[in-house]
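Chemist: The file below is structure_11.cif, mmCIF, C-alpha atoms:
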data_model
loop_
_atom_site.group_PDB
_atom_site.id
_atom_site.type_symbol
_atom_site.label_atom_id
_atom_site.label_comp_id
_atom_site.auth_asym_id
_atom_site.auth_seq_id
_atom_site.Cartn_x
_atom_site.Cartn_y
_atom_site.Cartn_z
ATOM 1 C CA MET A 625 6.098 -6.714 -19.787
ATOM 2 C CA THR A 626 3.317 -5.965 -22.326
ATOM 3 C CA GLY A 627 1.036 -4.449 -19.681
ATOM 4 C CA THR A 628 3.834 -2.231 -18.373
ATOM 5 C CA LEU A 629 4.619 -0.994 -21.888
ATOM 6 C CA ILE A 630 0.937 -0.126 -22.404
ATOM 7 C CA ASN A 631 0.953 1.679 -19.038
ATOM 8 C CA ILE A 632 4.034 3.686 -19.986
ATOM 9 C CA ILE A 633 2.455 4.718 -23.303
ATOM 10 C CA THR A 634 -0.853 5.844 -21.712
ATOM 11 C CA VAL A 635 0.938 7.872 -19.010
ATOM 12 C CA LEU A 636 3.214 9.369 -21.658
ATOM 13 C CA ILE A 637 0.216 10.422 -23.765
ATOM 14 C CA GLY A 638 -1.804 11.634 -20.775
ATOM 15 C CA SER A 639 1.110 13.615 -19.335
ATOM 16 C CA THR A 640 1.798 15.244 -22.700
ATOM 17 C CA ILE A 641 -1.841 16.345 -22.981
ATOM 18 C CA GLY A 642 -1.754 17.708 -19.417
ATOM 19 C CA ILE A 643 1.478 19.627 -20.046
ATOM 20 C CA LEU A 644 0.047 21.191 -23.210
ATOM 21 C CA ILE A 645 -3.173 22.377 -21.553
ATOM 22 C CA ARG A 646 -1.326 23.487 -18.388
ATOM 23 C CA LYS A 647 0.006 26.576 -20.143
ATOM 24 C CA LYS A 648 -3.562 27.729 -20.808
ATOM 25 C CA ILE A 649 -4.797 27.262 -17.238
ATOM 26 C CA PRO A 650 -4.729 30.438 -15.044
ATOM 27 C CA GLU A 651 -2.807 30.180 -11.758
ATOM 28 C CA ASN A 652 -5.922 30.438 -9.566
ATOM 29 C CA TYR A 653 -7.454 27.480 -11.441
ATOM 30 C CA LYS A 654 -4.236 25.490 -11.019
ATOM 31 C CA LEU A 655 -4.458 26.119 -7.281
ATOM 32 C CA ILE A 656 -8.039 24.842 -7.020
ATOM 33 C CA LEU A 657 -7.105 21.818 -9.185
ATOM 34 C CA LEU A 658 -4.194 21.133 -6.835
ATOM 35 C CA GLN A 659 -6.529 21.237 -3.845
ATOM 36 C CA ALA A 660 -9.038 18.953 -5.595
ATOM 37 C CA ILE A 661 -6.275 16.423 -6.351
ATOM 38 C CA GLY A 662 -5.075 16.652 -2.747
ATOM 39 C CA LEU A 663 -8.552 15.912 -1.367
ATOM 40 C CA LEU A 664 -9.095 13.055 -3.840
ATOM 41 C CA THR A 665 -5.682 11.617 -2.936
ATOM 42 C CA LEU A 666 -6.670 11.623 0.747
ATOM 43 C CA VAL A 667 -9.900 9.742 -0.019
ATOM 44 C CA ILE A 668 -8.131 7.143 -2.201
ATOM 45 C CA GLY A 669 -5.470 6.612 0.460
ATOM 46 C CA LEU A 670 -8.016 6.250 3.270
ATOM 47 C CA GLN A 671 -10.058 3.742 1.258
ATOM 48 C CA MET A 672 -6.935 1.635 0.755
ATOM 49 C CA ALA A 673 -5.725 1.994 4.357
ATOM 50 C CA LEU A 674 -9.087 0.949 5.860
ATOM 51 C CA LYS A 675 -8.832 -2.426 4.104
ATOM 52 C CA THR A 676 -6.228 -3.590 6.624
ATOM 53 C CA GLN A 677 -7.081 -6.747 8.543
ATOM 54 C CA GLU A 678 -4.260 -6.325 11.058
ATOM 55 C CA ILE A 679 -3.703 -2.807 12.351
ATOM 56 C CA LEU A 680 -0.648 -3.969 14.327
ATOM 57 C CA ILE A 681 1.028 -5.206 11.135
ATOM 58 C CA MET A 682 0.334 -1.844 9.503
ATOM 59 C CA MET A 683 1.751 0.004 12.512
ATOM 60 C CA ALA A 684 4.881 -2.165 12.686
ATOM 61 C CA ALA A 685 5.476 -1.899 8.926
ATOM 62 C CA LEU A 686 5.135 1.892 9.012
ATOM 63 C CA LEU A 687 7.430 2.274 12.033
ATOM 64 C CA PHE A 688 10.158 -0.006 10.694
ATOM 65 C CA GLY A 689 9.694 1.426 7.192
ATOM 66 C CA ALA A 690 10.021 5.015 8.426
ATOM 67 C CA ILE A 691 13.172 4.198 10.413
ATOM 68 C CA THR A 692 14.707 2.436 7.388
ATOM 69 C CA GLY A 693 13.737 5.259 5.049
ATOM 70 C CA GLN A 694 15.206 7.833 7.398
ATOM 71 C CA LEU A 695 18.356 5.762 7.870
ATOM 72 C CA PHE A 696 18.992 5.544 4.128
ATOM 73 C CA ASP A 697 17.627 9.068 3.512
ATOM 74 C CA ILE A 698 15.487 7.745 0.645
ATOM 75 C CA ASN A 699 13.385 10.891 0.186
ATOM 76 C CA ASN A 700 16.404 13.171 -0.264
ATOM 77 C CA LYS A 701 18.057 10.697 -2.643
ATOM 78 C CA ILE A 702 14.917 10.590 -4.806
ATOM 79 C CA GLU A 703 14.714 14.392 -4.747
ATOM 80 C CA ILE A 704 18.372 14.585 -5.861
ATOM 81 C CA ILE A 705 17.577 12.260 -8.794
ATOM 82 C CA ALA A 706 14.472 14.325 -9.587
ATOM 83 C CA ASP A 707 16.529 17.545 -9.500
ATOM 84 C CA LYS A 708 19.080 16.047 -11.914
ATOM 85 C CA ILE A 709 16.289 15.111 -14.325
ATOM 86 C CA LYS A 710 14.748 18.549 -13.827
ATOM 87 C CA ASN A 711 18.039 20.352 -14.594
ATOM 88 C CA ARG A 712 18.348 18.367 -17.808
ATOM 89 C CA PHE A 713 14.779 18.436 -19.107
ATOM 90 C CA ALA A 714 12.812 21.144 -17.276
ATOM 91 C CA SER A 715 12.963 24.776 -16.257
ATOM 92 C CA LYS A 716 14.961 25.560 -13.104
ATOM 93 C CA ASN A 717 11.979 27.640 -11.965
ATOM 94 C CA ASP A 718 9.677 24.585 -12.055
ATOM 95 C CA ARG A 719 8.975 24.307 -8.324
ATOM 96 C CA TYR A 720 6.509 21.431 -8.747
ATOM 97 C CA PHE A 721 8.810 19.040 -10.645
ATOM 98 C CA SER A 722 9.974 16.863 -7.716
ATOM 99 C CA GLU A 723 6.525 16.890 -6.123
ATOM 100 C CA GLY A 724 4.925 15.853 -9.416
ATOM 101 C CA PHE A 725 7.460 13.102 -10.025
ATOM 102 C CA ILE A 726 7.159 11.593 -6.524
ATOM 103 C CA THR A 727 3.362 11.992 -6.350
ATOM 104 C CA ALA A 728 2.726 10.371 -9.730
ATOM 105 C CA SER A 729 5.273 7.603 -9.129
ATOM 106 C CA ILE A 730 3.621 6.540 -5.875
ATOM 107 C CA ILE A 731 0.025 6.870 -7.122
ATOM 108 C CA PHE A 732 0.797 4.819 -10.248
ATOM 109 C CA CYS A 733 2.875 2.134 -8.509
ATOM 110 C CA VAL A 734 1.198 1.557 -5.136
ATOM 111 C CA GLY A 735 -1.939 -0.566 -5.075
ATOM 112 C CA PRO A 736 -3.396 -3.999 -5.771
ATOM 113 C CA MET A 737 -3.852 -3.427 -9.509
ATOM 114 C CA THR A 738 -0.114 -2.810 -9.872
ATOM 115 C CA ILE A 739 0.899 -5.940 -7.954
ATOM 116 C CA LEU A 740 -1.765 -8.357 -9.230
ATOM 117 C CA GLY A 741 -1.635 -6.971 -12.774
ATOM 118 C CA ALA A 742 2.152 -7.239 -12.969
ATOM 119 C CA LEU A 743 2.059 -10.799 -11.556
ATOM 120 C CA ASN A 744 -0.557 -11.887 -14.108
ATOM 121 C CA ASP A 745 1.418 -10.269 -16.911
ATOM 122 C CA GLY A 746 4.676 -11.919 -15.863
ATOM 123 C CA LEU A 747 3.306 -15.388 -15.071
ATOM 124 C CA LYS A 748 0.559 -15.862 -17.666
ATOM 125 C CA GLY A 749 1.092 -13.097 -20.219
ATOM 126 C CA ASP A 750 -2.346 -11.823 -19.157
ATOM 127 C CA TYR A 751 -2.145 -8.017 -19.227
ATOM 128 C CA GLU A 752 -5.892 -7.287 -19.045
ATOM 129 C CA LEU A 753 -5.740 -5.883 -15.495
ATOM 130 C CA LEU A 754 -2.748 -3.692 -16.345
ATOM 131 C CA ALA A 755 -4.534 -2.504 -19.495
ATOM 132 C CA ILE A 756 -7.472 -1.319 -17.353
ATOM 133 C CA LYS A 757 -5.022 0.305 -14.903
ATOM 134 C CA SER A 758 -3.256 1.951 -17.856
ATOM 135 C CA ILE A 759 -6.456 3.662 -19.013
ATOM 136 C CA LEU A 760 -7.118 4.959 -15.478
ATOM 137 C CA ASP A 761 -3.492 6.113 -15.134
ATOM 138 C CA GLY A 762 -3.697 7.843 -18.500
ATOM 139 C CA PHE A 763 -6.605 10.026 -17.396
ATOM 140 C CA THR A 764 -5.041 10.574 -13.957
ATOM 141 C CA SER A 765 -1.785 11.697 -15.577
ATOM 142 C CA ILE A 766 -3.669 14.395 -17.527
ATOM 143 C CA ALA A 767 -4.977 15.911 -14.279
ATOM 144 C CA LEU A 768 -1.650 15.524 -12.454
ATOM 145 C CA SER A 769 0.529 16.974 -15.221
ATOM 146 C CA ALA A 770 -1.922 19.840 -15.815
ATOM 147 C CA THR A 771 -1.280 20.720 -12.167
ATOM 148 C CA PHE A 772 2.330 19.630 -11.472
ATOM 149 C CA GLY A 773 3.820 19.824 -14.955
ATOM 150 C CA ILE A 774 6.496 17.725 -16.654
ATOM 151 C CA GLY A 775 7.621 15.926 -13.476
ATOM 152 C CA VAL A 776 4.602 13.623 -13.835
ATOM 153 C CA LEU A 777 5.795 12.434 -17.238
ATOM 154 C CA PHE A 778 9.022 11.070 -15.761
ATOM 155 C CA SER A 779 7.042 8.756 -13.488
ATOM 156 C CA ILE A 780 7.208 6.346 -16.463
ATOM 157 C CA ILE A 781 10.729 5.530 -15.195
ATOM 158 C CA THR A 782 9.274 4.387 -11.872
ATOM 159 C CA ILE A 783 6.519 2.412 -13.627
ATOM 160 C CA ALA A 784 9.126 0.645 -15.763
ATOM 161 C CA VAL A 785 11.354 -0.197 -12.785
ATOM 162 C CA ILE A 786 8.741 -1.218 -10.181
ATOM 163 C CA GLN A 787 5.866 -2.614 -12.246
ATOM 164 C CA GLY A 788 8.180 -4.080 -14.859
ATOM 165 C CA GLY A 789 10.376 -5.509 -12.110
ATOM 166 C CA ILE A 790 7.425 -7.328 -10.516
ATOM 167 C CA SER A 791 6.542 -8.836 -13.905
ATOM 168 C CA LEU A 792 10.135 -9.951 -14.520
ATOM 169 C CA PHE A 793 10.390 -11.594 -11.102
ATOM 170 C CA ALA A 794 6.765 -12.746 -11.068
ATOM 171 C CA SER A 795 7.501 -16.421 -10.418
ATOM 172 C CA PHE A 796 9.428 -15.553 -7.233
ATOM 173 C CA ALA A 797 6.903 -12.943 -6.081
ATOM 174 C CA ASP A 798 3.934 -15.232 -6.721
ATOM 175 C CA SER A 799 5.457 -18.039 -4.652
ATOM 176 C CA PHE A 800 5.910 -15.655 -1.711
ATOM 177 C CA LEU A 801 2.983 -13.216 -1.854
ATOM 178 C CA ASN A 802 -0.492 -14.343 -0.851
ATOM 179 C CA GLU A 803 -3.801 -12.483 -0.702
ATOM 180 C CA PHE A 804 -3.266 -11.488 2.944
ATOM 181 C CA MET A 805 0.161 -10.013 2.142
ATOM 182 C CA ILE A 806 -1.094 -8.085 -0.886
ATOM 183 C CA GLY A 807 -4.009 -6.744 1.189
ATOM 184 C CA GLU A 808 -1.704 -5.449 3.910
ATOM 185 C CA MET A 809 0.725 -3.986 1.342
ATOM 186 C CA THR A 810 -2.236 -2.160 -0.199
ATOM 187 C CA ALA A 811 -3.328 -0.830 3.209
ATOM 188 C CA VAL A 812 0.182 0.416 4.024
ATOM 189 C CA GLY A 813 0.368 1.936 0.546
ATOM 190 C CA GLY A 814 -2.868 3.754 1.381
ATOM 191 C CA ILE A 815 -1.190 5.448 4.337
ATOM 192 C CA VAL A 816 1.662 6.546 2.056
ATOM 193 C CA ILE A 817 -0.890 7.978 -0.389
ATOM 194 C CA VAL A 818 -2.658 9.797 2.476
ATOM 195 C CA SER A 819 0.681 11.438 3.304
ATOM 196 C CA ILE A 820 0.896 12.625 -0.312
ATOM 197 C CA GLY A 821 -2.541 14.235 0.033
ATOM 198 C CA ILE A 822 -1.373 16.033 3.184
ATOM 199 C CA VAL A 823 1.678 17.379 1.318
ATOM 200 C CA ILE A 824 -0.365 18.454 -1.728
ATOM 201 C CA LEU A 825 -2.820 20.331 0.517
ATOM 202 C CA ASP A 826 0.168 22.031 2.201
ATOM 203 C CA ILE A 827 -0.996 20.846 5.633
ATOM 204 C CA LYS A 828 2.391 19.447 6.636
ATOM 205 C CA LYS A 829 5.686 18.780 4.867
ATOM 206 C CA ILE A 830 6.263 15.015 5.002
ATOM 207 C CA LYS A 831 9.189 13.062 3.555
ATOM 208 C CA VAL A 832 6.813 10.669 1.836
ATOM 209 C CA ALA A 833 9.402 8.461 0.135
ATOM 210 C CA ASN A 834 10.955 7.596 3.510
ATOM 211 C CA PHE A 835 7.848 5.502 4.222
ATOM 212 C CA LEU A 836 8.224 3.343 1.087
ATOM 213 C CA PRO A 837 10.232 0.569 2.846
ATOM 214 C CA ALA A 838 7.029 -0.101 4.810
ATOM 215 C CA LEU A 839 5.705 -1.807 1.670
ATOM 216 C CA ILE A 840 8.524 -4.355 1.972
ATOM 217 C CA TYR A 841 8.123 -4.857 5.717
ATOM 218 C CA SER A 842 4.372 -5.420 5.420
ATOM 219 C CA PRO A 843 4.447 -8.874 3.709
ATOM 220 C CA ILE A 844 7.405 -9.896 5.902
ATOM 221 C CA PHE A 845 5.398 -9.230 9.072
ATOM 222 C CA VAL A 846 2.401 -11.061 7.589
ATOM 223 C CA TYR A 847 4.675 -14.039 6.869
ATOM 224 C CA LEU A 848 5.972 -13.975 10.453
ATOM 225 C CA LYS A 849 2.402 -13.851 11.802
ATOM 226 C CA ILE A 850 1.421 -16.884 9.693
ATOM 227 C CA LEU A 851 4.597 -18.686 10.769
ATOM 228 C CA LEU A 852 3.949 -18.067 14.465
ATOM 229 C CA SER A 853 0.221 -18.851 14.339
#
What does the file become when written as structure tokens?
Modeler:
Amino acid sequence: MTGTLINIITVLIGSTIGILIRKKIPENYKLILLQAIGLLTLVIGLQMALKTQEILIMMAALLFGAITGQLFDINNKIEIIADKIKNRFASKNDRYFSEGFITASIIFCVGPMTILGALNDGLKGDYELLAIKSILDGFTSIALSATFGIGVLFSIITIAVIQGGISLFASFADSFLNEFMIGEMTAVGGIVIVSIGIVILDIKKIKVANFLPALIYSPIFVYLKILLS
């Protein structure tokens, strides 16, 4: 869990810096920063998504993931949790809190560095990859919190649960996940990140969190493909 603790600390520091400088940034500059983050998020997501080796696995994972997410109403449940945190720690007029929390949580927890880094940390005590990720996340959290505000800071809860959870159950995850599975999970995660970019740019309102189950379906479908080959 050492790498996850380092990650939490860097995001905490970065978010705090972003929140402090946010008050000094004029609204028109916040808007252009928001658009810049949205465009960058699209590029990052597309880069990840294009790494897929099996477009049919990606499609199936997204379809089944979306149906599952809609069935369990995951997005609304996360927004309810975010609103409860907001009512306790933030201003009721903070319209970017939920968006900041969900955006940061997904950006920080979806990708190969999260999975591989957490596995290495849990299995070998090697947190070098997570340490590198932590530095990147620290700088990213400055930009995100300067735009979205305090909601970004609370993404440390998601980092602790997801990244820390992978490290804790690393022996099980490592025996199941292979390079093909991680690659397809990353590609599906890229699509989820693209949807965040679309929301940030105000192109279309998408219930992003409802697609998260696709990350679970992705390695399952890869396993089935290997089994049937």
Chemist: Hey, what comes out of the PyMOL selection byres ((chain A and resi 817) around 7) on this file? Could you write it as a ChimeraX atom specification?
Modeler: /A:665-666,669,731,813-816,818-821
Chemist: Care to translate the PyMOL selection byres ((chain A and resi 673) around 10) into actual residues of this file, as a PyMOL selection string?
Modeler: chain A and resi 667-672+674-677+679+682+807-818
Chemist: Considering all atoms listed in the file, can you say which of A:Ser791, A:Leu655, A:Leu801, A:Ala770 comes closest to A:Asp826?
Modeler: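 Among the listed residues, A:Leu655 lies closest to A:Asp826.
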Chemist: Please provide as a list in words all residues within 12 Å of A:Ile709, with the sequence filter that same-chain residues fewer than 2 positions apart are discarded (counting all atoms listed in the file).
Modeler: Ile702, Glu703, Ile704, Ile705, Ala706, Asp707, Asn711, Arg712, Phe713, Ala714, Ser715, Lys716, Asp718, Phe721, Ser722, Phe725, Ile774, Gly775, Val776, Leu777, Phe778, Ser779 and Ile781 of chain A
Chemist: For the residues in that selection, give me C-alpha atoms as a PDB file, in the coordinates of the input.
Modeler:
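Saved the output as result_39.pdb:
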ATOM      1  CA  ILE A 702      14.917  10.590  -4.806  1.00  0.00           C
ATOM      2  CA  GLU A 703      14.714  14.392  -4.747  1.00  0.00           C
ATOM      3  CA  ILE A 704      18.372  14.585  -5.861  1.00  0.00           C
ATOM      4  CA  ILE A 705      17.577  12.260  -8.794  1.00  0.00           C
ATOM      5  CA  ALA A 706      14.472  14.325  -9.587  1.00  0.00           C
ATOM      6  CA  ASP A 707      16.529  17.545  -9.500  1.00  0.00           C
ATOM      7  CA  ASN A 711      18.039  20.352 -14.594  1.00  0.00           C
ATOM      8  CA  ARG A 712      18.348  18.367 -17.808  1.00  0.00           C
ATOM      9  CA  PHE A 713      14.779  18.436 -19.107  1.00  0.00           C
ATOM     10  CA  ALA A 714      12.812  21.144 -17.276  1.00  0.00           C
ATOM     11  CA  SER A 715      12.963  24.776 -16.257  1.00  0.00           C
ATOM     12  CA  LYS A 716      14.961  25.560 -13.104  1.00  0.00           C
ATOM     13  CA  ASP A 718       9.677  24.585 -12.055  1.00  0.00           C
ATOM     14  CA  PHE A 721       8.810  19.040 -10.645  1.00  0.00           C
ATOM     15  CA  SER A 722       9.974  16.863  -7.716  1.00  0.00           C
ATOM     16  CA  PHE A 725       7.460  13.102 -10.025  1.00  0.00           C
ATOM     17  CA  ILE A 774       6.496  17.725 -16.654  1.00  0.00           C
ATOM     18  CA  GLY A 775       7.621  15.926 -13.476  1.00  0.00           C
ATOM     19  CA  VAL A 776       4.602  13.623 -13.835  1.00  0.00           C
ATOM     20  CA  LEU A 777       5.795  12.434 -17.238  1.00  0.00           C
ATOM     21  CA  PHE A 778       9.022  11.070 -15.761  1.00  0.00           C
ATOM     22  CA  SER A 779       7.042   8.756 -13.488  1.00  0.00           C
ATOM     23  CA  ILE A 781      10.729   5.530 -15.195  1.00  0.00           C
TER      24      ILE A 781
END
Chemist: Between A:Ser795, A:Thr782, A:Asn744, A:Thr727, which has the minimum distance to A:Ile661 (counting all atoms listed in the file)?
Modeler: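 Residue with the minimum atom-to-atom distance to A:Ile661: A:Thr727.
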Chemist: Per residue of stretch 714-821 of chain A within 9 Å of stretch 646-649 of chain A, record the nearest atom pair and its distance in Å to one decimal, counting only C-alpha atoms, with rows in chain order and ascending residue number, as CSV.
Modeler:
residue,atom,partner,partner_atom,distance
A:Ser769,CA,A:Arg646,CA,7.5
A:Ala770,CA,A:Arg646,CA,4.5
A:Thr771,CA,A:Arg646,CA,6.8
A:Phe772,CA,A:Arg646,CA,8.7
A:Gly773,CA,A:Arg646,CA,7.2
Chemist: For the point (9.4, 10.8, 4.0) in file coordinates, what residues are within 10 Å, counting all atoms listed in the file? Give the answer as a VMD selection string?
Modeler: chain A and resid 689 to 691 693 to 694 697 to 700 816 819 to 820 829 to 836
Chemist: Please provide the set of residues having any atom within 12 Å of A:Ser799, restricted to only C-alpha atoms, with same-chain residues fewer than 6 positions apart removed, written as a list in words.
Modeler: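 Those residues are Leu743, Leu747, Phe793 and Met805 of chain A.
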Chemist: Can you pull out every residue within 8 Å of stretch 757-766 of chain A, counting all atoms listed in the file, but drop anything in the same chain fewer than 5 positions away, and send it as a PyMOL selection string?
Modeler: chain A and resi 627+630-632+634-643+728+732+737-738+776-777
Chemist: One decimal, in Å: what's the spacing between atom CA of A:Lys748 and atom CA of A:Asn802?
Modeler: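 Between atom CA of A:Lys748 and atom CA of A:Asn802 the gap works out to 16.9 Å.
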